[in-house]
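Novice: Here you go, one structure.
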Number of protein chains: 2
Amino acid sequence: MDKKYHHGDLKIQLIKTGLHMIQEDGINKLSLRKLAQLCNVSEAAPYSHFKNKGELLIAIQEYITEQLQKRLEDAYERTEHGNSPIAILNMGKAYVQFFIRYPEYYSFLFAQPYLKIDLSMGNEPNAFEPFQYYKEKAYTIYKNEGFSEERIKYGIIAMWAKVHGIAAIASMQDVNRDFEWEDVLDKILVE
Amino acid sequence: MDKKYHHGDLKIQLIKTGLHMIQEDGINKLSLRKLAQLCNVSEAAPYSHFKNKGELLIAIQEYITEQLQKRLEDAYERTEHGNSPIAILNMGKAYVQFFIRYPEYYSFLFAQPYLKIDLSMGNEPNAFEPFQYYKEKAYTIYKNEGFSEERIKYGIIAMWAKVHGIAAIASMQDVNRDFEWEDVLDKILVE
DNA sequence: CTCCAAACTTAACACCGTTAAGTTTATCAT
DNA sequence: ATGATAAACTTAACGGTGTTAAGTTTGGAG
């Protein structure tokens, strides 16, 4: 056993292993002690890197958020003519696909904040950032199409609601996972 | 002190007080022991009425769901000509208003299920029931308007996504609570 | 080589969900 | 009325949890 006192990259391993545990058994069964044990580290070790459990959860949220953000960027850049409404559709699809692929992530990202973990002081979770990106791109594109500010304002909120709503529904258990959500998205967004 | 051994209506009081605690401090801070204490009862008393904490939470979900259901029914019956699309709009508004009024309820109803509390065995939560009602009414109305089955099928899912998406967004913290969500709903649903 | 701050451990605290075993009470047949 | 039975409750204990205090190890800068 080359068991070293200093672990090296414990912080990132806590995040990754914690995420893995969430995928396996859900949030409610994630305990710091089990997590520490899985990382071959004492039960109090995580407190060298996170002020409390809440801050670890926020770090995991950010980790997921980055992945989602990357997918949106890919979807945008993959679109041949970036400044066309097709890019918006593609980003919407990427958004929905992400939560169909990882249904547990949805409630972890968007529900957890309101459940008032001990994020209490300081920084709020940044689960909205991907959609911030989405909205900025959409704004440019709509502007480019010559829409009015008023129409853009409501158009973007409406689009957000549609895309987010499908993601919310599609990520629910008991909802038919085989439903053709992309078709729905096509029809909804094109209207 | 007329402290009686038998409480009388402990079960319903556990549900109501539990709900109140959730509204105050969020789900994560709800403990059975504090709840029992608030009900002037020993810490193990709740186990006479609920198999475990998860089943109490499910009972609270059902309690909330009934309120929401009632609002939808009111909205439908309040509409003068029940069988017109206006009823759908009114129900959608009632749905959204409910979650704007009680933002904590949204994640409690829809996120909790996926977080795999110990509902594990047996009955699933019935948070979808109100929308089941919504969908049935909408089906009748659309049918009455002469729409095709295919169009109805996607129309209802699309409508569900829109309404639910707005509710999801509007119930988030950090989102401007003063936004004119009903205007958005009008524009979205009418399209 | 020394010293210091960061990364870790051990040990303890209070709290939690849950269960087992015992006590009180309402109900109901006799 | 009386006694049996089951439901509603209490007390006490179990193991697990988040968190903190105090001490130990370690890598690296001076």
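By order of appearance in the structure tokens: chains A, B, ..., then residues from 1 within every chain, and ligands from 1 in the order shown.
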What are the residues of chain D lining chain A at 9 Å or less? Count only C-alpha atoms (C1' of nucleotides), and put the answer as a list of chain:residue names.
Specialist: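 Matching residues, ligands excluded from the count: D:DT17, D:DG18, D:DT19, D:DT25, D:DT26.
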Novice: Which residues of chain C come within 10 Å of chain B, and what is each one's closest atom pair and distance in Å (one decimal), counting only C-alpha atoms (C1' of nucleotides), sorted by chain and residue number, as a Markdown table?
Specialist:
```
| residue | atom | partner | partner_atom | distance |
| --- | --- | --- | --- | --- |
| C:DC15 | C1' | B:Arg33 | CA | 9.4 |
| C:DC16 | C1' | B:Ser31 | CA | 7.3 |
| C:DG17 | C1' | B:Lys53 | CA | 7.7 |
| C:DT18 | C1' | B:Asn52 | CA | 8.0 |
| C:DT19 | C1' | B:Ala44 | CA | 9.4 |
| C:DT24 | C1' | B:Tyr5 | CA | 6.6 |
| C:DT25 | C1' | B:His6 | CA | 7.1 |
| C:DA26 | C1' | B:His6 | CA | 9.1 |
```
Novice: Could you write out the selected residues, including C-alpha atoms (C1' of nucleotides), as a short mmCIF file (atom, residue, chain, number, x, y, z; two decimals), in the first residue's frame?
Specialist:
```
data_model
loop_
_atom_site.label_atom_id
_atom_site.label_comp_id
_atom_site.auth_asym_id
_atom_site.auth_seq_id
_atom_site.Cartn_x
_atom_site.Cartn_y
_atom_site.Cartn_z
"C1'" DC C 15 -29.15 15.09 15.67
"C1'" DC C 16 -31.63 11.94 12.77
"C1'" DG C 17 -34.65 7.69 11.16
"C1'" DT C 18 -36.13 3.51 12.81
"C1'" DT C 19 -37.26 -0.41 15.80
"C1'" DT C 24 -52.47 3.53 27.93
"C1'" DT C 25 -56.90 3.77 25.94
"C1'" DA C 26 -61.11 3.05 23.05
#
```
Novice: Which neighbours of range 2-6 of chain C fall inside 10 Å, counting only C-alpha atoms (C1' of nucleotides), when residues of the same chain fewer than 5 positions from it are skipped, and could you give them as number ranges by chain?
Specialist: A: 6, 48; D: 26-30
Novice: Just the selected residues (N, CA and C atoms (P, O5', C5', C4', C3', O3' and C1' of nucleotides)), exported as a PDB file, in the first residue's frame, please.
Specialist:
```
ATOM      1  N   HIS A   6      -1.108  12.672   1.942  1.00  0.00           N
ATOM      2  CA  HIS A   6      -1.723  13.625   1.015  1.00  0.00           C
ATOM      3  C   HIS A   6      -2.248  12.895  -0.202  1.00  0.00           C
ATOM      4  N   SER A  48     -11.622  19.783   4.291  1.00  0.00           N
ATOM      5  CA  SER A  48     -10.458  20.570   3.876  1.00  0.00           C
ATOM      6  C   SER A  48     -10.715  21.271   2.550  1.00  0.00           C
TER       7      SER A  48
ATOM      8  P    DT D  26       3.734  11.429   6.242  1.00  0.00           P
ATOM      9  O5'  DT D  26       3.799  12.741   5.345  1.00  0.00           O
ATOM     10  C5'  DT D  26       2.628  13.132   4.651  1.00  0.00           C
ATOM     11  C4'  DT D  26       2.814  14.513   4.095  1.00  0.00           C
ATOM     12  C3'  DT D  26       4.113  14.727   3.328  1.00  0.00           C
ATOM     13  O3'  DT D  26       3.786  14.865   1.967  1.00  0.00           O
ATOM     14  C1'  DT D  26       3.522  16.593   4.681  1.00  0.00           C
ATOM     15  P    DG D  27       4.893  14.533   0.862  1.00  0.00           P
ATOM     16  O5'  DG D  27       4.920  15.935   0.089  1.00  0.00           O
ATOM     17  C5'  DG D  27       3.683  16.574  -0.207  1.00  0.00           C
ATOM     18  C4'  DG D  27       3.898  18.047  -0.439  1.00  0.00           C
ATOM     19  C3'  DG D  27       5.119  18.396  -1.303  1.00  0.00           C
ATOM     20  O3'  DG D  27       4.702  19.334  -2.274  1.00  0.00           O
ATOM     21  C1'  DG D  27       5.249  19.526   0.802  1.00  0.00           C
ATOM     22  P    DG D  28       5.702  19.788  -3.420  1.00  0.00           P
ATOM     23  O5'  DG D  28       6.021  21.292  -2.995  1.00  0.00           O
ATOM     24  C5'  DG D  28       5.066  22.012  -2.223  1.00  0.00           C
ATOM     25  C4'  DG D  28       5.669  23.280  -1.640  1.00  0.00           C
ATOM     26  C3'  DG D  28       6.886  23.830  -2.400  1.00  0.00           C
ATOM     27  O3'  DG D  28       6.806  25.239  -2.357  1.00  0.00           O
ATOM     28  C1'  DG D  28       7.490  23.450  -0.188  1.00  0.00           C
ATOM     29  P    DA D  29       7.686  26.134  -3.395  1.00  0.00           P
ATOM     30  O5'  DA D  29       7.837  27.539  -2.656  1.00  0.00           O
ATOM     31  C5'  DA D  29       6.803  27.980  -1.766  1.00  0.00           C
ATOM     32  C4'  DA D  29       7.397  28.866  -0.665  1.00  0.00           C
ATOM     33  C3'  DA D  29       8.522  29.787  -1.145  1.00  0.00           C
ATOM     34  O3'  DA D  29       8.423  31.036  -0.459  1.00  0.00           O
ATOM     35  C1'  DA D  29       9.371  28.295   0.490  1.00  0.00           C
ATOM     36  P    DG D  30       9.293  32.249  -0.901  1.00  0.00           P
ATOM     37  O5'  DG D  30      10.373  32.404   0.245  1.00  0.00           O
ATOM     38  C5'  DG D  30       9.936  32.660   1.590  1.00  0.00           C
ATOM     39  C4'  DG D  30      11.150  32.570   2.509  1.00  0.00           C
ATOM     40  C3'  DG D  30      12.427  33.153   1.894  1.00  0.00           C
ATOM     41  O3'  DG D  30      12.622  34.484   2.391  1.00  0.00           O
ATOM     42  C1'  DG D  30      12.833  30.983   2.885  1.00  0.00           C
TER      43       DG D  30
END
```
Novice: Just give me the gap between CA of Ala158 in chain A and CA of Val184 in chain B in Å, one decimal is fine.
Specialist: 6.6 Å
Novice: Within 10 Å of Lys16 in chain A, counting only C-alpha atoms (C1' of nucleotides), which residues qualify if same-chain residues fewer than 4 places away don't, as a ChimeraX atom specification?
Specialist: /A:10-12,20-22,59-60,63-64
Novice: Would you save the residues of that selection, restricted to C-alpha atoms, as a CSV table (one decimal), in the first residue's frame?
Specialist:
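Result went into selection.csv, see below:
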```csv
chain,number,residue,atom,x,y,z
A,10,LEU,CA,-9.0,14.7,-3.6
A,11,LYS,CA,-11.2,17.7,-4.4
A,12,ILE,CA,-12.0,16.7,-7.9
A,20,HIS,CA,-21.4,8.9,-9.5
A,21,MET,CA,-23.1,8.1,-6.3
A,22,ILE,CA,-25.9,10.4,-7.1
A,59,ALA,CA,-19.6,22.1,-6.8
A,60,ILE,CA,-21.2,19.0,-8.3
A,63,TYR,CA,-19.6,20.3,-12.7
A,64,ILE,CA,-22.8,19.1,-14.4
```
Novice: Quick one: which residues from chain B are at most 6 Å off chain A, using only C-alpha atoms, as a ChimeraX atom specification?
Specialist: /B:26-27,107,111,115-116,161-162,164-166
Novice: For a test of reading the model, state the distance in Å between CA of Ile88 in chain A and CA of Lys135 in chain A, rounded to one decimal.
Specialist: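 Computed distance, CA of Ile88 in chain A to CA of Lys135 in chain A, equals 9.1 Å.
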Novice: List as a list in words the protein and nucleic acid residues near Met91 in chain B, meaning an atom at most 8 Å away when only C-alpha atoms (C1' of nucleotides) are counted, but skip any in the same chain fewer than 4 places from it.
Specialist: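 With the cut-off at 8 Å, the set is Leu72, Glu73, Ala75, Tyr76, Ala87, Tyr95 and Tyr134 of chain B.
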Novice: Take the residues from that selection and put them in a file with C-alpha atoms, as a compact mmCIF listing (two decimals), in the first residue's frame.
Specialist:
```txt
# COMPACT_ATOMS: atom_id res chain seq x y z
CA LEU B 72 -58.07 23.17 -11.97
CA GLU B 73 -61.62 21.98 -11.49
CA ALA B 75 -60.98 26.99 -13.36
CA TYR B 76 -62.78 24.63 -15.70
CA ALA B 87 -61.30 26.52 -20.52
CA TYR B 95 -51.82 25.67 -12.88
CA TYR B 134 -56.22 18.73 -17.55
```
Novice: What is the distance between CA of Leu68 in chain B and CA of Gly8 in chain B, in Å to one decimal?
Specialist: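 Interatomic distance, CA of Leu68 in chain B to CA of Gly8 in chain B: 27.2 Å.
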